[in-house]
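Reading through the structure tokens given below for one structure.
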Amino acid sequence: QTSEEILHHLQNIVDFGKHVMKQFFGENYVHHGEIIQLPLDFVRQLCLKIQPERPESRCDKDMDTLSGYAMCLPNLTRLQTYRFVEHRPILCIEIKPKCGFIPFSSHVSQEIKHKVCRYCMHQHLKVANGKWKRPSKYCPLDLFSGNKQRMHFALKSLLQEAQNNLKIFKNGELIYGCKDDQDFACDWNELARHLKPFFFPSNGLVSGPHCTRTIVKELIHVITMTLLSSTDACRAGDMKTVPISQGRSYCEASAFNKELVRNGKHKLESSGLPRGCILYKTLQAQMLDMLDIEGLYPLYSRVEQYLEEFPEERSTLQIDGPYNEAFYEKLLDLSTEDDGTVAFALTKVQQYRIAMTAKDCSIMIALSPCLQDECSEQRPVVLTSKSRFTFSVSVLDLDLKPYESIPHQYKLDGKIVNYYLKNVQAKDNPVMSNRFKENEDCTLVLHKV
């Protein structure tokens, strides 16, 4: 790419954060950064210095050392709102919550998608492909339920099997979670050693398993309270909210749900999320995926067909930006009644891209010990049994998902569902298992004539 193309690409990322994602999440949560110019010699030296520190999975991606443009972003492992605690120790928890709802679209062809969430199904395919050694017990619907018991279970599951969904930093250094796609053995005793000065500063708690369990419990409590708090008075622009009541509020594959069923209880409580909290805002953005990929893909094909006939219209349709106020305004149409136009199809495609971005974002919670006389109404504070923290919540990884990735998402969705039906659900249902065996050699392949 030329320097001009790279500058344009970076400007798009900044504009998308500023004009679109800030409308969904609010001023305090989104840090869109700014574009800066750097001396090429400095960039080359930086590239050489960081190369040995990069995880193996990232080494196939080269750092841009030719354009001289870069994005300057805040270090989100630090507190973003209050400078008075910069000299204090900082704890930061990064959570990638993933998709928090089950598809409610009538376009869904497999009934299992109305019962089991995408994350829980995908776990089995990832384990089969060798990405992870064990499936996680984490289910996003438990975290997004607003029910503290379910949220605690979800966070405990993340701490047990972090995968790439949870990281913990102390003063900017990673102390817990995967550095790469490597297998991660959770050591709660080591984690508790790091966290003890934060939660029990007087050192009055005895050591041992009881101490570790208590500290982990305090950590889960603090994360839950910050996720349910609102630190941004701004409502999400003019966005009419998608009713969260659509679809079911629990996933049949959730370990929490299975435990309830085993104990003879079938009612899974969902308390709902406070409207201003970060999980609510994230879920609202995710639920712009109103048609599911199965309903969206034909609309994507309609746009593609139009672009084949009129390629010069690509810029007019704002597929590659600019991501400005006009782009955001078009996202506000939540109708699902297809009028057969390219305009309708494009609106749904752009909403889906926003939803995919929100499904893959990360939430950063930065915490710092706070003395009682320093706490005021202006600073959000969360209390534990022995300490209090001031905190900031931020969202990152908000680059708009590429338009070109939609066919891949469509194929991946089919793979995830088919693998789950054939290898997980079929094992639980002998009739289903036999049906798959009978049909194994009966594949009908159609070729274009």
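Order determines the names: the first chain of the structure tokens is A, the second B, and so forth; residues in each chain are numbered 1 upward, and ligands are numbered 1 upward as they are shown.
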
- Might you pull out every residue within 10 Å of Val116 (chain A), with only C-alpha atoms counted and same-chain residues fewer than 3 positions away left off, and present them as a PyMOL selection string? chain A and resi 101-103+111-113+119-121+139+141+248+250-254+417+420

With N, CA, C and O atoms kept, could you save the residues just selected as a PDB file, in the first residue's frame?
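Full text of part38.pdb as output:
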```pdb
ATOM      1  N   PHE A 101     -26.184 -13.148  22.997  1.00  0.00           N
ATOM      2  CA  PHE A 101     -27.588 -13.523  22.777  1.00  0.00           C
ATOM      3  C   PHE A 101     -27.679 -14.685  21.801  1.00  0.00           C
ATOM      4  O   PHE A 101     -26.745 -14.972  21.055  1.00  0.00           O
ATOM      5  N   ILE A 102     -28.823 -15.345  21.840  1.00  0.00           N
ATOM      6  CA  ILE A 102     -29.094 -16.450  20.914  1.00  0.00           C
ATOM      7  C   ILE A 102     -29.919 -15.898  19.754  1.00  0.00           C
ATOM      8  O   ILE A 102     -30.831 -15.094  19.977  1.00  0.00           O
ATOM      9  N   PRO A 103     -29.608 -16.284  18.504  1.00  0.00           N
ATOM     10  CA  PRO A 103     -30.341 -15.729  17.354  1.00  0.00           C
ATOM     11  C   PRO A 103     -31.850 -15.890  17.500  1.00  0.00           C
ATOM     12  O   PRO A 103     -32.335 -16.940  17.907  1.00  0.00           O
ATOM     13  N   GLU A 111     -32.667 -25.631  14.174  1.00  0.00           N
ATOM     14  CA  GLU A 111     -33.312 -25.323  15.450  1.00  0.00           C
ATOM     15  C   GLU A 111     -32.300 -25.204  16.585  1.00  0.00           C
ATOM     16  O   GLU A 111     -32.509 -24.442  17.537  1.00  0.00           O
ATOM     17  N   ILE A 112     -31.186 -25.909  16.474  1.00  0.00           N
ATOM     18  CA  ILE A 112     -30.172 -25.903  17.544  1.00  0.00           C
ATOM     19  C   ILE A 112     -29.648 -24.481  17.795  1.00  0.00           C
ATOM     20  O   ILE A 112     -29.286 -24.129  18.916  1.00  0.00           O
ATOM     21  N   LYS A 113     -29.646 -23.632  16.753  1.00  0.00           N
ATOM     22  CA  LYS A 113     -29.143 -22.265  16.912  1.00  0.00           C
ATOM     23  C   LYS A 113     -30.076 -21.418  17.777  1.00  0.00           C
ATOM     24  O   LYS A 113     -29.667 -20.376  18.302  1.00  0.00           O
ATOM     25  N   TYR A 119     -20.951 -19.324  20.850  1.00  0.00           N
ATOM     26  CA  TYR A 119     -19.693 -19.541  21.564  1.00  0.00           C
ATOM     27  C   TYR A 119     -19.584 -20.986  22.047  1.00  0.00           C
ATOM     28  O   TYR A 119     -18.554 -21.637  21.861  1.00  0.00           O
ATOM     29  N   CYS A 120     -20.637 -21.487  22.658  1.00  0.00           N
ATOM     30  CA  CYS A 120     -20.598 -22.855  23.202  1.00  0.00           C
ATOM     31  C   CYS A 120     -20.452 -23.895  22.094  1.00  0.00           C
ATOM     32  O   CYS A 120     -19.759 -24.904  22.261  1.00  0.00           O
ATOM     33  N   MET A 121     -21.100 -23.657  20.948  1.00  0.00           N
ATOM     34  CA  MET A 121     -20.950 -24.582  19.821  1.00  0.00           C
ATOM     35  C   MET A 121     -19.537 -24.510  19.249  1.00  0.00           C
ATOM     36  O   MET A 121     -18.918 -25.539  18.954  1.00  0.00           O
ATOM     37  N   CYS A 139     -20.017 -19.322  29.334  1.00  0.00           N
ATOM     38  CA  CYS A 139     -21.075 -19.080  28.351  1.00  0.00           C
ATOM     39  C   CYS A 139     -21.414 -17.587  28.393  1.00  0.00           C
ATOM     40  O   CYS A 139     -21.765 -17.068  29.463  1.00  0.00           O
ATOM     41  N   LEU A 141     -23.949 -15.926  27.553  1.00  0.00           N
ATOM     42  CA  LEU A 141     -25.304 -15.577  27.998  1.00  0.00           C
ATOM     43  C   LEU A 141     -25.389 -15.486  29.515  1.00  0.00           C
ATOM     44  O   LEU A 141     -26.209 -14.745  30.053  1.00  0.00           O
ATOM     45  N   ARG A 248     -34.448 -16.473  23.607  1.00  0.00           N
ATOM     46  CA  ARG A 248     -34.335 -16.969  24.981  1.00  0.00           C
ATOM     47  C   ARG A 248     -33.135 -16.348  25.678  1.00  0.00           C
ATOM     48  O   ARG A 248     -32.184 -15.920  25.042  1.00  0.00           O
ATOM     49  N   TYR A 250     -31.170 -17.876  27.942  1.00  0.00           N
ATOM     50  CA  TYR A 250     -30.169 -18.826  28.424  1.00  0.00           C
ATOM     51  C   TYR A 250     -29.812 -19.794  27.297  1.00  0.00           C
ATOM     52  O   TYR A 250     -30.520 -19.932  26.308  1.00  0.00           O
ATOM     53  N   CYS A 251     -28.670 -20.447  27.489  1.00  0.00           N
ATOM     54  CA  CYS A 251     -28.144 -21.380  26.496  1.00  0.00           C
ATOM     55  C   CYS A 251     -28.223 -22.784  27.081  1.00  0.00           C
ATOM     56  O   CYS A 251     -27.793 -23.014  28.215  1.00  0.00           O
ATOM     57  N   GLU A 252     -28.776 -23.717  26.326  1.00  0.00           N
ATOM     58  CA  GLU A 252     -28.943 -25.086  26.834  1.00  0.00           C
ATOM     59  C   GLU A 252     -27.609 -25.776  27.123  1.00  0.00           C
ATOM     60  O   GLU A 252     -27.551 -26.701  27.912  1.00  0.00           O
ATOM     61  N   ALA A 253     -26.543 -25.328  26.470  1.00  0.00           N
ATOM     62  CA  ALA A 253     -25.230 -25.967  26.677  1.00  0.00           C
ATOM     63  C   ALA A 253     -24.458 -25.358  27.843  1.00  0.00           C
ATOM     64  O   ALA A 253     -23.407 -25.857  28.219  1.00  0.00           O
ATOM     65  N   SER A 254     -24.972 -24.270  28.429  1.00  0.00           N
ATOM     66  CA  SER A 254     -24.280 -23.622  29.545  1.00  0.00           C
ATOM     67  C   SER A 254     -24.121 -24.602  30.713  1.00  0.00           C
ATOM     68  O   SER A 254     -25.079 -25.276  31.103  1.00  0.00           O
ATOM     69  N   VAL A 417     -22.113 -25.225  13.264  1.00  0.00           N
ATOM     70  CA  VAL A 417     -23.399 -25.875  13.550  1.00  0.00           C
ATOM     71  C   VAL A 417     -23.359 -27.350  13.158  1.00  0.00           C
ATOM     72  O   VAL A 417     -23.785 -28.219  13.936  1.00  0.00           O
ATOM     73  N   TYR A 420     -21.270 -29.398  15.576  1.00  0.00           N
ATOM     74  CA  TYR A 420     -21.959 -29.576  16.860  1.00  0.00           C
ATOM     75  C   TYR A 420     -23.067 -30.620  16.750  1.00  0.00           C
ATOM     76  O   TYR A 420     -23.191 -31.503  17.607  1.00  0.00           O
TER      77      TYR A 420
END
```

- Message: Would you pick out the contacts of Leu400 (chain A) at 9 Å or less, using only C-alpha atoms, so that residues sharing its chain but fewer than 3 positions from it are not included, and give the list as a ChimeraX atom specification?
- Response: /A:13,16-17,353-354,356-357,397,403

Could you turn the residues from that selection into a file that holds N, CA, C and O atoms, as a tab-separated table (two decimals), in the first residue's frame?
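Result went into result27.tsv, see below:
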```
chain	number	residue	atom	x	y	z
A	13	ILE	N	-10.27	4.23	10.52
A	13	ILE	CA	-10.35	3.59	11.84
A	13	ILE	C	-10.70	4.64	12.91
A	13	ILE	O	-11.57	4.42	13.76
A	16	PHE	N	-14.29	5.92	12.41
A	16	PHE	CA	-15.28	4.91	12.81
A	16	PHE	C	-15.46	4.91	14.33
A	16	PHE	O	-16.59	4.85	14.83
A	17	GLY	N	-14.36	4.98	15.06
A	17	GLY	CA	-14.45	5.06	16.52
A	17	GLY	C	-15.15	6.33	16.99
A	17	GLY	O	-16.01	6.30	17.86
A	353	ARG	N	-22.04	-5.71	10.18
A	353	ARG	CA	-20.61	-5.45	10.41
A	353	ARG	C	-20.38	-4.79	11.77
A	353	ARG	O	-19.41	-5.12	12.47
A	354	ILE	N	-21.28	-3.88	12.15
A	354	ILE	CA	-21.19	-3.25	13.48
A	354	ILE	C	-21.37	-4.33	14.56
A	354	ILE	O	-20.64	-4.38	15.55
A	356	MET	N	-20.84	-7.54	14.38
A	356	MET	CA	-19.67	-8.43	14.44
A	356	MET	C	-18.52	-7.76	15.18
A	356	MET	O	-17.77	-8.41	15.91
A	357	THR	N	-18.38	-6.45	14.99
A	357	THR	CA	-17.34	-5.70	15.71
A	357	THR	C	-17.61	-5.76	17.22
A	357	THR	O	-16.70	-6.02	18.01
A	397	ASP	N	-10.49	-2.86	20.44
A	397	ASP	CA	-10.71	-3.74	19.28
A	397	ASP	C	-12.02	-3.37	18.59
A	397	ASP	O	-12.88	-4.21	18.36
A	403	TYR	N	-16.08	-5.85	5.10
A	403	TYR	CA	-17.20	-6.24	4.25
A	403	TYR	C	-16.91	-7.58	3.60
A	403	TYR	O	-17.78	-8.46	3.49
```

Residues of region 6-99 of chain A that have any atom at most 12 Å from an atom of region 154-160 of chain A: could you tabulate them with the shortest-distance atom pair and the distance in Å to one decimal, using only C-alpha atoms, ordered by chain and increasing number, as a tab-separated table?
```
residue	atom	partner	partner_atom	distance
A:Ile93	CA	A:Leu159	CA	10.9
A:Glu94	CA	A:Leu158	CA	11.0
A:Ile95	CA	A:Leu158	CA	8.8
A:Lys96	CA	A:Leu158	CA	10.0
A:Pro97	CA	A:Leu158	CA	9.7
```

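Counting only C-alpha atoms and comparing A:Met225, A:Ser230, A:Phe42, A:Lys411, the residue that lies closest to Leu143 (chain A) is A:Met225.
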
- Can you list, as a PyMOL selection string, every protein, DNA or RNA residue that comes within 12 Å of region 126-130 of chain A when you count only C-alpha atoms, leaving out same-chain residues fewer than 2 positions away? chain A and resi 119-124+132-136+163+181-183+412+415-416+419-420+423-424

Got time to write the residues from that selection, N, CA and C atoms, as an mmCIF file, in the first residue's frame?
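The result, stored in result10.cif:
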```cif
data_model
loop_
_atom_site.group_PDB
_atom_site.id
_atom_site.type_symbol
_atom_site.label_atom_id
_atom_site.label_comp_id
_atom_site.auth_asym_id
_atom_site.auth_seq_id
_atom_site.Cartn_x
_atom_site.Cartn_y
_atom_site.Cartn_z
ATOM 1 N N TYR A 119 -20.951 -19.324 20.850
ATOM 2 C CA TYR A 119 -19.693 -19.541 21.564
ATOM 3 C C TYR A 119 -19.584 -20.986 22.047
ATOM 4 N N CYS A 120 -20.637 -21.487 22.658
ATOM 5 C CA CYS A 120 -20.598 -22.855 23.202
ATOM 6 C C CYS A 120 -20.452 -23.895 22.094
ATOM 7 N N MET A 121 -21.100 -23.657 20.948
ATOM 8 C CA MET A 121 -20.950 -24.582 19.821
ATOM 9 C C MET A 121 -19.537 -24.510 19.249
ATOM 10 N N HIS A 122 -19.026 -23.293 19.117
ATOM 11 C CA HIS A 122 -17.705 -23.097 18.492
ATOM 12 C C HIS A 122 -16.590 -23.730 19.317
ATOM 13 N N GLN A 123 -16.770 -23.786 20.646
ATOM 14 C CA GLN A 123 -15.762 -24.388 21.521
ATOM 15 C C GLN A 123 -15.399 -25.803 21.056
ATOM 16 N N HIS A 124 -16.405 -26.587 20.700
ATOM 17 C CA HIS A 124 -16.172 -27.989 20.320
ATOM 18 C C HIS A 124 -15.372 -28.083 19.022
ATOM 19 N N TRP A 132 -7.623 -25.299 21.151
ATOM 20 C CA TRP A 132 -7.601 -25.397 22.611
ATOM 21 C C TRP A 132 -7.644 -26.864 23.016
ATOM 22 N N LYS A 133 -7.126 -27.148 24.202
ATOM 23 C CA LYS A 133 -7.093 -28.543 24.670
ATOM 24 C C LYS A 133 -8.405 -28.964 25.307
ATOM 25 N N ARG A 134 -9.103 -28.003 25.897
ATOM 26 C CA ARG A 134 -10.356 -28.320 26.603
ATOM 27 C C ARG A 134 -11.397 -27.270 26.270
ATOM 28 N N PRO A 135 -12.676 -27.650 26.241
ATOM 29 C CA PRO A 135 -13.715 -26.615 26.085
ATOM 30 C C PRO A 135 -13.878 -25.838 27.389
ATOM 31 N N SER A 136 -14.172 -24.569 27.261
ATOM 32 C CA SER A 136 -14.394 -23.727 28.430
ATOM 33 C C SER A 136 -15.827 -23.896 28.928
ATOM 34 N N GLN A 163 -8.371 -19.077 27.900
ATOM 35 C CA GLN A 163 -8.232 -19.043 26.442
ATOM 36 C C GLN A 163 -7.801 -17.626 26.045
ATOM 37 N N ASP A 181 -1.633 -18.665 21.575
ATOM 38 C CA ASP A 181 -2.620 -19.743 21.534
ATOM 39 C C ASP A 181 -2.142 -20.979 22.297
ATOM 40 N N GLN A 182 -1.121 -20.803 23.129
ATOM 41 C CA GLN A 182 -0.559 -21.931 23.869
ATOM 42 C C GLN A 182 -1.511 -22.381 24.975
ATOM 43 N N ASP A 183 -1.292 -23.599 25.445
ATOM 44 C CA ASP A 183 -2.116 -24.099 26.548
ATOM 45 C C ASP A 183 -1.766 -23.312 27.809
ATOM 46 N N LEU A 412 -18.226 -20.392 7.981
ATOM 47 C CA LEU A 412 -17.842 -20.789 9.345
ATOM 48 C C LEU A 412 -19.067 -21.146 10.173
ATOM 49 N N LYS A 415 -20.089 -24.615 9.371
ATOM 50 C CA LYS A 415 -19.142 -25.595 9.941
ATOM 51 C C LYS A 415 -19.384 -25.798 11.427
ATOM 52 N N ILE A 416 -19.557 -24.690 12.148
ATOM 53 C CA ILE A 416 -19.759 -24.757 13.606
ATOM 54 C C ILE A 416 -21.016 -25.557 13.937
ATOM 55 N N TYR A 419 -20.765 -29.353 12.835
ATOM 56 C CA TYR A 419 -19.886 -30.132 13.723
ATOM 57 C C TYR A 419 -20.595 -30.416 15.038
ATOM 58 N N TYR A 420 -21.270 -29.398 15.576
ATOM 59 C CA TYR A 420 -21.959 -29.576 16.860
ATOM 60 C C TYR A 420 -23.067 -30.620 16.750
ATOM 61 N N ASN A 423 -21.282 -34.193 16.136
ATOM 62 C CA ASN A 423 -20.329 -34.753 17.098
ATOM 63 C C ASN A 423 -20.681 -34.511 18.561
ATOM 64 N N VAL A 424 -21.583 -33.586 18.830
ATOM 65 C CA VAL A 424 -21.924 -33.307 20.232
ATOM 66 C C VAL A 424 -23.365 -33.712 20.505
#
```

- Query: For Arg213 (chain A), which residue out of A:Trp188, A:Phe200, A:Phe344, A:Tyr352 is the nearest one, using only C-alpha atoms?
  - Reply: A:Trp188

Kindly provide the residues of region 129-204 of chain A that approach region 64-77 of chain A to within 8 Å, each paired with its closest atom pair and their distance in Å to one decimal, based on only C-alpha atoms, listed by chain and increasing number, as CSV.
```
residue,atom,partner,partner_atom,distance
A:Phe169,CA,A:Thr77,CA,6.9
A:Asn171,CA,A:Thr77,CA,7.4
A:Gly172,CA,A:Thr77,CA,5.5
```

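In terms of minimum interatomic distance to Asp289 (chain A), A:Ser335 ranks closest within A:Thr226, A:Ser335, A:Asn147, A:Gln110, counting only C-alpha atoms.
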
- Quick one: residues within 7 Å of Cys92 (chain A), only C-alpha atoms counted, chain neighbours fewer than 6 positions away excluded, as a ChimeraX atom specification? /A:77,168-170,364-367

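Secondary structure of region 66-185 of chain A, strand (DSSP E) only (DSSP, backbone atoms): Tyr69, Ala70, Met71, Cys72, Leu91, Cys92, Ile93, Glu94, Ile95, Leu166, Lys167, Ile168, Phe169, Lys170, Glu173, Leu174, Ile175 and Tyr176 of chain A.
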
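For Ser362 (chain A), the residues within 12 Å (counting only C-alpha atoms, excluding itself and residues fewer than 6 positions away along the chain) are Tyr29, Val30, Leu76, Ile93, Glu94, Ile95, Lys96, Pro97, Lys98, Cys99, Asn164, Asn165, Leu166, Lys167, Ile278, Leu279, Thr282, Val393, Ser394, Val395, Leu396, Asp397, Leu398 and Asp399 of chain A.
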
Produce a file of the selected residues containing C-alpha atoms, as a compact mmCIF listing (two decimals), in the first residue's frame.
```txt
# COMPACT_ATOMS: atom_id res chain seq x y z
CA TYR A 29 -15.76 4.07 26.97
CA VAL A 30 -14.28 4.60 23.48
CA LEU A 76 -5.81 0.94 28.53
CA ILE A 93 -8.78 -7.10 33.69
CA GLU A 94 -9.37 -7.57 29.96
CA ILE A 95 -12.47 -9.57 28.99
CA LYS A 96 -13.54 -10.54 25.47
CA PRO A 97 -17.19 -11.36 26.27
CA LYS A 98 -18.23 -12.58 22.75
CA CYS A 99 -21.86 -12.78 21.56
CA ASN A 164 -8.05 -15.64 24.70
CA ASN A 165 -11.13 -14.31 26.52
CA LEU A 166 -9.47 -13.14 29.75
CA LYS A 167 -6.20 -11.46 30.70
CA ILE A 278 -21.11 -1.48 29.42
CA LEU A 279 -22.61 -4.96 28.96
CA THR A 282 -22.30 -3.99 24.05
CA VAL A 393 -13.95 0.92 31.93
CA SER A 394 -12.90 1.08 28.27
CA VAL A 395 -13.70 -0.81 25.08
CA LEU A 396 -11.06 -1.73 22.51
CA ASP A 397 -10.71 -3.74 19.28
CA LEU A 398 -13.38 -1.61 17.65
CA ASP A 399 -12.08 -1.68 14.06
```

- Query: Just how far from CA of Val216 (chain A) is CA of Ser145 (chain A), in Å to one decimal?
  - Reply: 20.9 Å
